[in-house]
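The data block below is start-v9.cif; it holds mmCIF, C-alpha atoms.
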```cif
data_run
#
loop_
_atom_site.label_atom_id
_atom_site.label_comp_id
_atom_site.auth_asym_id
_atom_site.auth_seq_id
_atom_site.Cartn_x
_atom_site.Cartn_y
_atom_site.Cartn_z
CA MET F 21 8.27 -9.37 2.76
CA GLN F 22 7.01 -11.27 5.74
CA ILE F 23 7.47 -14.76 7.04
CA GLY F 24 4.36 -16.89 7.44
CA ARG F 25 3.02 -20.40 7.77
CA VAL F 26 0.63 -21.97 5.32
CA ILE F 27 -2.52 -22.87 7.27
CA GLY F 28 -5.09 -23.75 4.63
CA ASP F 29 -6.42 -23.17 1.18
CA VAL F 30 -9.32 -21.51 -0.60
CA VAL F 31 -11.52 -23.10 -3.26
CA ALA F 32 -13.15 -20.78 -5.76
CA SER F 33 -14.68 -22.17 -8.91
CA ARG F 34 -15.84 -18.81 -10.27
CA LYS F 35 -12.95 -16.42 -10.50
CA ASN F 36 -10.97 -14.18 -12.80
CA PRO F 37 -9.62 -16.33 -15.66
CA ASN F 38 -6.04 -15.24 -14.94
CA LEU F 39 -6.27 -16.96 -11.56
CA GLU F 40 -7.12 -20.36 -13.07
CA GLY F 41 -4.74 -23.09 -11.99
CA ILE F 42 -2.96 -20.99 -9.39
CA PRO F 43 -3.12 -22.30 -5.80
CA LEU F 44 -4.77 -19.94 -3.31
CA LEU F 45 -3.35 -20.56 0.14
CA LEU F 46 -4.22 -19.19 3.55
CA ILE F 47 -1.17 -17.81 5.32
CA GLN F 48 -0.71 -16.89 8.97
CA PRO F 49 1.96 -14.17 9.23
CA LEU F 50 4.62 -14.83 11.86
CA ALA F 51 6.80 -12.52 13.94
CA ALA F 52 10.59 -12.98 14.11
CA ASP F 53 10.08 -15.19 17.18
CA SER F 54 7.71 -17.48 15.18
CA GLN F 55 4.59 -16.30 16.98
CA ALA F 56 1.47 -15.70 14.92
CA VAL F 57 0.95 -12.00 14.37
CA GLY F 58 -1.76 -10.23 12.42
CA ARG F 59 -4.54 -11.77 10.42
CA PRO F 60 -4.37 -14.66 7.98
CA LEU F 61 -4.58 -13.69 4.35
CA VAL F 62 -5.05 -15.38 0.97
CA ALA F 63 -1.98 -15.59 -1.26
CA VAL F 64 -1.20 -17.02 -4.67
CA ASP F 65 1.55 -19.60 -4.58
CA ALA F 66 4.42 -19.46 -7.05
CA VAL F 67 6.74 -22.00 -5.41
CA GLY F 68 4.67 -25.07 -4.55
CA ALA F 69 4.28 -24.58 -0.81
CA GLY F 70 2.36 -27.06 1.32
CA ILE F 71 0.23 -26.86 4.47
CA GLY F 72 2.40 -26.26 7.52
CA GLU F 73 5.44 -24.97 5.67
CA HIS F 74 7.18 -21.73 6.53
CA VAL F 75 7.23 -19.35 3.62
CA PHE F 76 7.96 -15.75 2.89
CA PHE F 77 5.48 -13.78 0.91
CA VAL F 78 5.25 -10.48 -0.81
CA ARG F 79 2.35 -8.02 -0.76
CA GLY F 80 1.21 -5.76 -3.58
CA LYS F 81 1.39 -5.99 -7.31
CA GLU F 82 4.76 -7.72 -6.96
CA ALA F 83 2.80 -10.86 -6.09
CA SER F 84 1.98 -11.20 -9.77
CA PHE F 85 5.57 -10.95 -11.00
CA PRO F 86 6.23 -14.74 -11.01
CA PHE F 87 3.27 -15.23 -13.36
CA HIS F 88 4.36 -12.62 -15.86
CA PRO F 89 3.23 -11.88 -18.57
CA THR F 90 -0.17 -13.03 -17.25
CA ALA F 91 -1.69 -10.13 -15.32
CA VAL F 92 -2.73 -12.09 -12.25
CA PRO F 93 -4.99 -9.95 -10.04
CA ALA F 94 -3.28 -10.81 -6.76
CA ASP F 95 -1.97 -8.63 -3.93
CA ALA F 96 -0.16 -11.31 -1.93
CA GLY F 97 2.02 -14.14 -3.14
CA ILE F 98 4.33 -16.79 -1.76
CA VAL F 99 7.74 -16.36 -3.38
CA GLY F 100 9.96 -18.61 -1.26
CA ILE F 101 10.02 -21.44 1.24
CA VAL F 102 12.05 -20.61 4.33
CA ASP F 103 14.72 -23.03 5.49
CA HIS F 104 15.52 -20.98 8.57
CA TRP F 105 16.19 -17.49 9.71
CA THR F 106 18.57 -16.05 12.26
CA THR F 107 18.67 -12.87 14.25
CA GLY F 108 22.12 -11.76 15.29
CA GLU F 109 21.17 -8.77 17.31
CA ARG F 110 18.02 -7.16 18.45
CA MET L 5 -6.16 -11.18 -0.94
CA GLN L 6 -8.84 -11.30 1.69
CA ILE L 7 -12.11 -13.11 2.05
CA GLY L 8 -15.23 -10.97 2.44
CA ARG L 9 -19.00 -10.93 2.20
CA VAL L 10 -20.89 -8.63 -0.12
CA ILE L 11 -23.15 -6.48 2.06
CA GLY L 12 -24.43 -3.76 -0.25
CA ASP L 13 -23.81 -1.52 -3.20
CA VAL L 14 -23.01 2.08 -4.03
CA VAL L 15 -24.82 4.24 -6.58
CA ALA L 16 -22.83 7.06 -8.16
CA SER L 17 -24.14 8.78 -11.26
CA ARG L 18 -21.24 11.22 -11.57
CA LYS L 19 -17.97 9.36 -11.72
CA ASN L 20 -14.84 8.78 -13.72
CA PRO L 21 -15.88 7.53 -17.19
CA ASN L 22 -13.73 4.41 -16.85
CA LEU L 23 -15.95 3.29 -13.98
CA GLU L 24 -19.13 3.37 -16.08
CA GLY L 25 -20.99 0.07 -16.08
CA ILE L 26 -18.85 -1.54 -13.39
CA PRO L 27 -20.69 -2.65 -10.23
CA LEU L 28 -19.52 -0.98 -7.04
CA LEU L 29 -20.14 -3.30 -4.11
CA LEU L 30 -19.74 -2.88 -0.37
CA ILE L 31 -17.68 -5.68 1.15
CA GLN L 32 -17.26 -6.68 4.77
CA PRO L 33 -13.85 -8.35 5.21
CA LEU L 34 -13.96 -11.65 7.14
CA ALA L 35 -11.40 -13.43 9.29
CA ALA L 36 -10.52 -17.11 8.73
CA ASP L 37 -13.25 -18.04 11.23
CA SER L 38 -15.86 -16.09 9.18
CA GLN L 39 -16.17 -13.27 11.70
CA ALA L 40 -16.37 -9.73 10.38
CA VAL L 41 -13.05 -7.98 10.81
CA GLY L 42 -12.04 -4.48 9.79
CA ARG L 43 -14.13 -1.91 8.00
CA PRO L 44 -16.35 -2.40 4.96
CA LEU L 45 -14.93 -1.04 1.74
CA VAL L 46 -16.11 -0.33 -1.80
CA ALA L 47 -14.85 -2.69 -4.52
CA VAL L 48 -15.35 -3.03 -8.24
CA ASP L 49 -16.77 -6.39 -9.22
CA ALA L 50 -15.22 -8.42 -12.04
CA VAL L 51 -17.01 -11.73 -11.44
CA GLY L 52 -20.71 -10.97 -11.00
CA ALA L 53 -21.01 -11.35 -7.22
CA GLY L 54 -24.33 -10.84 -5.44
CA ILE L 55 -25.39 -9.57 -2.02
CA GLY L 56 -24.57 -12.10 0.68
CA GLU L 57 -22.02 -14.06 -1.31
CA HIS L 58 -18.55 -14.86 -0.02
CA VAL L 59 -15.88 -13.49 -2.26
CA PHE L 60 -12.18 -12.87 -2.24
CA PHE L 61 -10.90 -9.51 -3.25
CA VAL L 62 -7.66 -7.87 -4.11
CA ARG L 63 -6.41 -4.46 -3.00
CA GLY L 64 -4.30 -2.04 -4.99
CA LYS L 65 -3.83 -1.40 -8.63
CA GLU L 66 -4.30 -5.11 -9.28
CA ALA L 67 -8.03 -4.48 -8.84
CA SER L 68 -8.03 -2.96 -12.30
CA PHE L 69 -6.33 -5.91 -14.03
CA PRO L 70 -9.57 -7.68 -15.04
CA PHE L 71 -10.68 -4.54 -16.89
CA HIS L 72 -7.48 -4.15 -18.88
CA PRO L 73 -6.77 -2.24 -21.10
CA THR L 74 -9.25 0.22 -19.54
CA ALA L 75 -7.43 2.07 -16.75
CA VAL L 76 -10.10 1.69 -14.10
CA PRO L 77 -9.28 3.91 -11.10
CA ALA L 78 -10.00 1.29 -8.43
CA ASP L 79 -8.02 0.10 -5.45
CA ALA L 80 -10.17 -2.87 -4.46
CA GLY L 81 -11.80 -5.48 -6.64
CA ILE L 82 -13.66 -8.76 -6.32
CA VAL L 83 -11.80 -11.39 -8.36
CA GLY L 84 -13.45 -14.62 -7.23
CA ILE L 85 -16.43 -16.15 -5.49
CA VAL L 86 -15.44 -18.48 -2.68
CA ASP L 87 -16.94 -21.97 -2.59
CA HIS L 88 -15.27 -22.80 0.70
CA TRP L 89 -11.99 -22.61 2.51
CA THR L 90 -10.25 -24.96 4.89
CA THR L 91 -7.61 -24.53 7.52
CA GLY L 92 -5.57 -27.63 8.21
CA GLU L 93 -3.48 -26.27 11.00
CA ARG L 94 -3.27 -23.11 12.94
CA MET Y 11 -12.32 2.46 -2.46
CA GLN Y 12 -13.80 4.27 0.47
CA ILE Y 13 -16.68 6.64 0.94
CA GLY Y 14 -15.88 10.08 2.34
CA ARG Y 15 -17.13 13.62 2.75
CA VAL Y 16 -15.29 16.63 1.38
CA ILE Y 17 -14.46 18.85 4.36
CA GLY Y 18 -12.03 21.43 3.00
CA ASP Y 19 -9.25 22.23 0.60
CA VAL Y 20 -5.51 22.81 0.51
CA VAL Y 21 -3.73 25.75 -1.12
CA ALA Y 22 -0.19 25.16 -2.31
CA SER Y 23 1.45 27.63 -4.64
CA ARG Y 24 4.76 25.79 -4.86
CA LYS Y 25 4.22 22.24 -6.00
CA ASN Y 26 5.11 19.64 -8.58
CA PRO Y 27 4.16 21.04 -12.01
CA ASN Y 28 1.99 18.03 -12.78
CA LEU Y 29 -0.31 19.05 -9.92
CA GLU Y 30 -1.01 22.50 -11.38
CA GLY Y 31 -4.69 23.19 -11.83
CA ILE Y 32 -5.86 20.08 -10.01
CA PRO Y 33 -8.04 20.69 -6.92
CA LEU Y 34 -6.61 19.37 -3.67
CA LEU Y 35 -9.46 18.53 -1.30
CA LEU Y 36 -9.55 17.41 2.30
CA ILE Y 37 -11.66 14.28 2.75
CA GLN Y 38 -13.02 12.73 5.92
CA PRO Y 39 -13.43 8.97 5.38
CA LEU Y 40 -16.81 7.59 6.46
CA ALA Y 41 -17.91 4.17 7.68
CA ALA Y 42 -20.89 2.36 6.12
CA ASP Y 43 -23.13 3.99 8.77
CA SER Y 44 -21.92 7.49 7.70
CA GLN Y 45 -19.84 8.04 10.82
CA ALA Y 46 -16.42 9.63 10.43
CA VAL Y 47 -13.72 7.01 10.69
CA GLY Y 48 -9.97 7.40 10.38
CA ARG Y 49 -8.04 10.54 9.60
CA PRO Y 50 -8.77 13.16 6.96
CA LEU Y 51 -6.51 13.05 3.94
CA VAL Y 52 -5.68 15.18 0.92
CA ALA Y 53 -6.97 13.95 -2.45
CA VAL Y 54 -6.85 15.17 -6.01
CA ASP Y 55 -10.29 15.68 -7.49
CA ALA Y 56 -11.14 14.29 -10.92
CA VAL Y 57 -14.91 14.77 -10.83
CA GLY Y 58 -15.62 18.31 -9.60
CA ALA Y 59 -16.68 17.58 -6.03
CA GLY Y 60 -17.69 20.37 -3.65
CA ILE Y 61 -17.43 20.94 0.09
CA GLY Y 62 -19.92 18.76 1.95
CA GLU Y 63 -20.51 16.27 -0.84
CA HIS Y 64 -20.24 12.51 -0.37
CA VAL Y 65 -17.65 11.01 -2.65
CA PHE Y 66 -15.78 7.81 -3.10
CA PHE Y 67 -12.08 7.90 -3.51
CA VAL Y 68 -9.28 5.62 -4.47
CA ARG Y 69 -5.87 5.27 -2.83
CA GLY Y 70 -2.58 4.53 -4.53
CA LYS Y 71 -1.22 5.16 -7.94
CA GLU Y 72 -4.71 4.60 -9.35
CA ALA Y 73 -5.51 8.13 -8.15
CA SER Y 74 -3.54 9.41 -11.11
CA PHE Y 75 -5.37 7.35 -13.74
CA PRO Y 76 -7.98 10.04 -14.58
CA PHE Y 77 -5.18 12.48 -15.43
CA HIS Y 78 -3.38 10.12 -17.78
CA PRO Y 79 -1.00 10.59 -19.57
CA THR Y 80 0.15 13.24 -17.09
CA ALA Y 81 2.03 11.47 -14.29
CA VAL Y 82 0.31 13.20 -11.39
CA PRO Y 83 2.16 12.41 -8.14
CA ALA Y 84 -0.94 11.64 -6.08
CA ASP Y 85 -1.85 8.71 -3.85
CA ALA Y 86 -5.51 9.54 -3.22
CA GLY Y 87 -8.12 10.77 -5.66
CA ILE Y 88 -11.85 11.39 -5.80
CA VAL Y 89 -13.28 9.34 -8.67
CA GLY Y 90 -17.02 9.61 -8.07
CA ILE Y 91 -19.78 11.47 -6.27
CA VAL Y 92 -22.04 9.16 -4.29
CA ASP Y 93 -25.79 9.44 -4.77
CA HIS Y 94 -26.51 6.86 -2.10
CA TRP Y 95 -25.47 3.46 -0.87
CA THR Y 96 -27.42 0.57 0.55
CA THR Y 97 -26.52 -2.36 2.74
CA GLY Y 98 -28.75 -5.37 2.31
CA GLU Y 99 -27.23 -7.53 4.97
CA ARG Y 100 -24.59 -7.14 7.57
CA MET H 25 11.07 5.38 3.52
CA GLN H 26 11.85 4.32 7.04
CA ILE H 27 15.01 3.96 9.05
CA GLY H 28 15.81 0.51 10.42
CA ARG H 29 18.52 -1.71 11.81
CA VAL H 30 19.55 -4.98 10.23
CA ILE H 31 18.94 -7.71 12.82
CA GLY H 32 19.30 -10.95 10.89
CA ASP H 33 18.89 -12.82 7.66
CA VAL H 34 16.65 -15.40 6.03
CA VAL H 35 17.79 -18.54 4.23
CA ALA H 36 15.48 -19.90 1.54
CA SER H 37 16.75 -22.48 -0.90
CA ARG H 38 13.48 -22.83 -2.80
CA LYS H 39 12.35 -19.48 -4.06
CA ASN H 40 11.36 -17.50 -7.10
CA PRO H 41 14.30 -17.58 -9.56
CA ASN H 42 14.42 -13.77 -9.71
CA LEU H 43 15.36 -13.72 -6.04
CA GLU H 44 18.45 -15.91 -6.54
CA GLY H 45 21.61 -14.30 -5.23
CA ILE H 46 19.86 -11.39 -3.53
CA PRO H 47 20.40 -11.13 0.24
CA LEU H 48 17.24 -11.35 2.33
CA LEU H 49 17.73 -9.41 5.55
CA LEU H 50 15.59 -9.01 8.64
CA ILE H 51 15.08 -5.35 9.53
CA GLN H 52 13.78 -3.81 12.71
CA PRO H 53 12.16 -0.44 11.89
CA LEU H 54 13.26 2.43 14.14
CA ALA H 55 11.55 5.63 15.20
CA ALA H 56 13.26 9.02 14.89
CA ASP H 57 14.61 8.57 18.44
CA SER H 58 16.21 5.22 17.46
CA GLN H 59 13.73 3.12 19.40
CA ALA H 60 12.43 -0.05 17.78
CA VAL H 61 8.94 0.49 16.46
CA GLY H 62 6.68 -1.91 14.61
CA ARG H 63 7.47 -5.43 13.51
CA PRO H 64 10.61 -6.73 11.85
CA LEU H 65 10.27 -7.46 8.16
CA VAL H 66 12.22 -9.19 5.41
CA ALA H 67 13.87 -6.95 2.82
CA VAL H 68 16.03 -7.47 -0.24
CA ASP H 69 19.36 -5.70 0.02
CA ALA H 70 20.65 -3.57 -2.85
CA VAL H 71 23.52 -1.84 -1.06
CA GLY H 72 25.48 -4.49 0.83
CA ALA H 73 24.27 -3.84 4.37
CA GLY H 74 25.53 -5.89 7.32
CA ILE H 75 24.05 -7.06 10.62
CA GLY H 76 23.76 -4.16 13.06
CA GLU H 77 23.95 -1.38 10.48
CA HIS H 78 21.41 1.42 10.26
CA VAL H 79 19.74 1.52 6.88
CA PHE H 80 16.80 3.12 5.22
CA PHE H 81 14.44 1.00 3.26
CA VAL H 82 11.61 1.40 0.86
CA ARG H 83 8.32 -0.49 0.78
CA GLY H 84 6.34 -1.51 -2.25
CA LYS H 85 7.23 -2.28 -5.81
CA GLU H 86 9.96 0.37 -5.61
CA ALA H 87 12.00 -2.21 -3.71
CA SER H 88 12.65 -3.92 -7.02
CA PHE H 89 13.89 -0.82 -8.84
CA PRO H 90 17.59 -1.37 -8.07
CA PHE H 91 17.40 -4.81 -9.72
CA HIS H 92 15.82 -3.58 -12.92
CA PRO H 93 15.20 -5.04 -15.49
CA THR H 94 14.84 -8.21 -13.40
CA ALA H 95 11.32 -8.26 -11.99
CA VAL H 96 12.23 -9.13 -8.42
CA PRO H 97 9.09 -10.04 -6.44
CA ALA H 98 9.93 -7.96 -3.37
CA ASP H 99 7.92 -5.42 -1.39
CA ALA H 100 10.67 -4.11 0.86
CA GLY H 101 14.25 -3.23 0.01
CA ILE H 102 17.27 -1.61 1.60
CA VAL H 103 18.35 1.29 -0.61
CA GLY H 104 20.84 3.13 1.61
CA ILE H 105 23.04 2.90 4.67
CA VAL H 106 22.46 5.75 7.08
CA ASP H 107 25.44 7.73 8.34
CA HIS H 108 23.31 9.82 10.66
CA TRP H 109 20.11 11.79 10.83
CA THR H 110 19.21 15.01 12.54
CA THR H 111 15.96 16.55 13.68
CA GLY H 112 16.01 20.31 13.85
CA GLU H 113 12.57 20.84 15.23
CA ARG H 114 9.74 18.74 16.42
CA MET O 6 -1.67 12.70 0.29
CA GLN O 7 -1.02 13.93 3.78
CA ILE O 8 0.09 17.18 5.27
CA GLY O 9 3.31 17.17 7.29
CA ARG O 10 6.07 19.30 8.71
CA VAL O 11 9.71 18.88 7.80
CA ILE O 12 11.56 18.08 11.02
CA GLY O 13 15.01 16.96 9.91
CA ASP O 14 17.12 15.24 7.33
CA VAL O 15 18.99 12.00 6.74
CA VAL O 16 22.58 11.66 5.58
CA ALA O 17 23.51 8.51 3.70
CA SER O 18 26.73 8.31 1.76
CA ARG O 19 26.23 4.73 0.56
CA LYS O 20 22.95 4.41 -1.25
CA ASN O 21 21.30 3.40 -4.49
CA PRO O 22 22.81 5.52 -7.29
CA ASN O 23 19.39 6.78 -8.36
CA LEU O 24 19.06 8.53 -4.99
CA GLU O 25 22.24 10.57 -5.47
CA GLY O 26 21.65 14.29 -5.11
CA ILE O 27 18.07 13.98 -3.89
CA PRO O 28 17.35 15.43 -0.43
CA LEU O 29 16.11 12.94 2.14
CA LEU O 30 13.94 14.74 4.68
CA LEU O 31 12.29 13.60 7.88
CA ILE O 32 8.60 14.48 7.94
CA GLN O 33 6.18 14.49 10.84
CA PRO O 34 2.65 13.84 9.51
CA LEU O 35 0.01 16.27 10.80
CA ALA O 36 -3.73 15.95 11.35
CA ALA O 37 -6.18 18.50 9.94
CA ASP O 38 -5.90 20.43 13.22
CA SER O 39 -2.09 20.64 12.84
CA GLN O 40 -1.36 18.16 15.60
CA ALA O 41 1.38 15.60 15.01
CA VAL O 42 -0.13 12.23 14.19
CA GLY O 43 1.61 8.98 13.35
CA ARG O 44 5.30 8.35 13.01
CA PRO O 45 7.89 10.46 11.23
CA LEU O 46 9.07 9.06 7.92
CA VAL O 47 11.83 9.69 5.39
CA ALA O 48 10.79 11.30 2.10
CA VAL O 49 12.54 12.42 -1.05
CA ASP O 50 12.04 16.09 -1.77
CA ALA O 51 11.04 17.28 -5.23
CA VAL O 52 10.15 20.88 -4.40
CA GLY O 53 12.95 22.31 -2.28
CA ALA O 54 11.33 22.22 1.16
CA GLY O 55 13.14 23.43 4.26
CA ILE O 56 13.14 22.47 7.93
CA GLY O 57 9.95 23.66 9.64
CA GLU O 58 7.90 24.09 6.47
CA HIS O 59 4.48 22.59 6.00
CA VAL O 60 4.37 20.29 3.02
CA PHE O 61 2.14 17.69 1.52
CA PHE O 62 3.60 14.40 0.53
CA VAL O 63 2.64 11.34 -1.40
CA ARG O 64 3.24 7.71 -0.49
CA GLY O 65 3.99 4.85 -2.84
CA LYS O 66 5.60 4.61 -6.20
CA GLU O 67 4.09 7.99 -7.08
CA ALA O 68 6.88 9.53 -4.97
CA SER O 69 9.23 8.83 -7.85
CA PHE O 70 7.13 10.50 -10.53
CA PRO O 71 8.82 13.93 -10.25
CA PHE O 72 12.18 12.30 -10.97
CA HIS O 73 11.03 10.48 -14.09
CA PRO O 74 12.59 8.85 -16.09
CA THR O 75 15.03 8.02 -13.29
CA ALA O 76 13.60 5.09 -11.35
CA VAL O 77 14.10 6.51 -7.88
CA PRO O 78 13.51 3.79 -5.27
CA ALA O 79 11.38 5.91 -2.95
CA ASP O 80 8.00 5.31 -1.34
CA ALA O 81 7.38 8.77 0.08
CA GLY O 82 7.99 12.14 -1.52
CA ILE O 83 7.28 15.81 -0.88
CA VAL O 84 5.35 17.18 -3.87
CA GLY O 85 4.17 20.57 -2.60
CA ILE O 86 4.63 23.24 0.02
CA VAL O 87 1.40 24.15 1.75
CA ASP O 88 0.41 27.82 2.00
CA HIS O 89 -2.66 27.03 4.07
CA TRP O 90 -5.62 24.74 4.27
CA THR O 91 -9.20 25.29 5.30
CA THR O 92 -11.94 23.04 6.56
CA GLY O 93 -15.43 24.30 5.81
CA GLU O 94 -17.35 21.61 7.57
CA ARG O 95 -16.57 18.67 9.72
#
```
Before we go any further, please render this structure as structure tokens.
Amino acid sequence: MQIGRVIGDVVASRKNPNLEGIPLLLIQPLAADSQAVGRPLVAVDAVGAGIGEHVFFVRGKEASFPFHPTAVPADAGIVGIVDHWTTGER
Amino acid sequence: MQIGRVIGDVVASRKNPNLEGIPLLLIQPLAADSQAVGRPLVAVDAVGAGIGEHVFFVRGKEASFPFHPTAVPADAGIVGIVDHWTTGER
Amino acid sequence: MQIGRVIGDVVASRKNPNLEGIPLLLIQPLAADSQAVGRPLVAVDAVGAGIGEHVFFVRGKEASFPFHPTAVPADAGIVGIVDHWTTGER
Amino acid sequence: MQIGRVIGDVVASRKNPNLEGIPLLLIQPLAADSQAVGRPLVAVDAVGAGIGEHVFFVRGKEASFPFHPTAVPADAGIVGIVDHWTTGER
Amino acid sequence: MQIGRVIGDVVASRKNPNLEGIPLLLIQPLAADSQAVGRPLVAVDAVGAGIGEHVFFVRGKEASFPFHPTAVPADAGIVGIVDHWTTGER
């Protein structure tokens, strides 16, 4: 998984029915030192994250696990809101 | 998922039978600021997108979910047409 | 999926039994303007492609779908032969 | 799989229920010569690794295999602690 | 799949039980011209490869197919030993 910050959302009225009602958020991936790294992506949200929050997200089919048994066609999903992280050694 | 723009299509008369009748579109991935980023790819279309439209697409096996139970051998698929997106913070 | 050109083949006499009898072809991925892009890879062939032909191929577990129910351990597979592609806007 | 070193952990009180009780560790991937390479990532831990230990981890849905039948939404997981590795030729 | 050369092995006494007894080999990926390309990775071996041999390997969940029905948490696996490969056109 990766840590990221929610930076926006996506509105799509025509979409696969299994995506109905699921928030689509824009996430900026972050490095361990909180710097933005890599490109923003669109993720489904399974935990109720808000703009500006730090989250961790999963890529791949696993993004659809929280919506089981609905086969949500998503390849990125927010699965937790990060309180904090620590690095003890580098 | 990523946001992209449909820029063309692919014609293939000989192909896996499970791909018959499914549009194959060329997509240019876009960054959050709408600039083209990365290489165009071929995606199956599950929502009826047209040339020039902004879409969001999924990578991986999830691309075949909308065609279930047909096992469509696709690794990229359009699952929604984007009305707009907003970024509240960066 | 990506478009590519078949540039060679691989001979392997010792291999996983589920790969027996399946052609292993070397593919050079191509960009939308037909230029070679990225590294050649080895793909299983489900459509009878020949050296020099333009194909489109899928990455990931989906490469094994055409061989179902045999669990072919492949992560790239040719699923169609491209007649032509068009880009209407870029 | 890749070899890495555990460099920290992530605390998330709000998360997908299937992640409850599973350690979330920060891993720094290492090259064959033990140098850090690539970006740290967050992984679930199935073997009880500690800060500073060398581990090998798996990416993708396979990260959830050790927690079966719970569908853990993870795309990276520690599956072993490395005693040592050797390279006989390069 | 990709072609690679076996360059070493990994010893891990504490690991996921489903990995017990499966060789963990270090592979250096090779380009079509036999030059090393990209970073070495750890792969499970399903065909009995030895140090110095040319192999082809698969990435992703497919790496666990040869060990079915054991759910081996691996994302890279050697599935064949390469006799030779040819490129007829480039």
Could you tell me, as a PDB file with C-alpha atoms, in the coordinates of the input, exactly which residues end up selected when the PyMOL selection byres ((chain O) within 7 of (chain H)) is applied to this structure?
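Wrote it out as expr.pdb, contents follow:
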```pdb
ATOM      1  CA  ILE O  12      11.560  18.080  11.020  1.00  0.00           C
ATOM      2  CA  GLY O  13      15.010  16.960   9.910  1.00  0.00           C
ATOM      3  CA  ASP O  14      17.120  15.240   7.330  1.00  0.00           C
ATOM      4  CA  VAL O  15      18.990  12.000   6.740  1.00  0.00           C
ATOM      5  CA  VAL O  16      22.580  11.660   5.580  1.00  0.00           C
ATOM      6  CA  ALA O  17      23.510   8.510   3.700  1.00  0.00           C
ATOM      7  CA  SER O  18      26.730   8.310   1.760  1.00  0.00           C
ATOM      8  CA  ARG O  19      26.230   4.730   0.560  1.00  0.00           C
ATOM      9  CA  LYS O  20      22.950   4.410  -1.250  1.00  0.00           C
ATOM     10  CA  ASN O  21      21.300   3.400  -4.490  1.00  0.00           C
ATOM     11  CA  PRO O  45       7.890  10.460  11.230  1.00  0.00           C
ATOM     12  CA  LEU O  46       9.070   9.060   7.920  1.00  0.00           C
ATOM     13  CA  VAL O  47      11.830   9.690   5.390  1.00  0.00           C
ATOM     14  CA  ALA O  48      10.790  11.300   2.100  1.00  0.00           C
ATOM     15  CA  ILE O  56      13.140  22.470   7.930  1.00  0.00           C
ATOM     16  CA  GLY O  57       9.950  23.660   9.640  1.00  0.00           C
ATOM     17  CA  GLY O  65       3.990   4.850  -2.840  1.00  0.00           C
ATOM     18  CA  LYS O  66       5.600   4.610  -6.200  1.00  0.00           C
ATOM     19  CA  ALA O  76      13.600   5.090 -11.350  1.00  0.00           C
ATOM     20  CA  PRO O  78      13.510   3.790  -5.270  1.00  0.00           C
ATOM     21  CA  ALA O  79      11.380   5.910  -2.950  1.00  0.00           C
ATOM     22  CA  ASP O  80       8.000   5.310  -1.340  1.00  0.00           C
ATOM     23  CA  ALA O  81       7.380   8.770   0.080  1.00  0.00           C
TER      24      ALA O  81
END
```
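Atom to atom, atom CA of O:Ile27 and atom CA of O:Glu58 stand 17.7 Å apart.
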Between atom CA of H:Leu48 and atom CA of H:Gly74 - distance in Å to one decimal: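 Atom CA of H:Gly74 sits 11.1 Å away from atom CA of H:Leu48.
Take atom CA of O:Gly43 and atom CA of L:Arg43: the distance between them is 19.9 Å.
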From F:Arg25, F:Gln48, F:Asp53, F:Glu40, residue lying nearest F:Phe87 [all atoms listed in the file]: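 Using all atoms listed in the file, F:Phe87 sits closest to F:Glu40.
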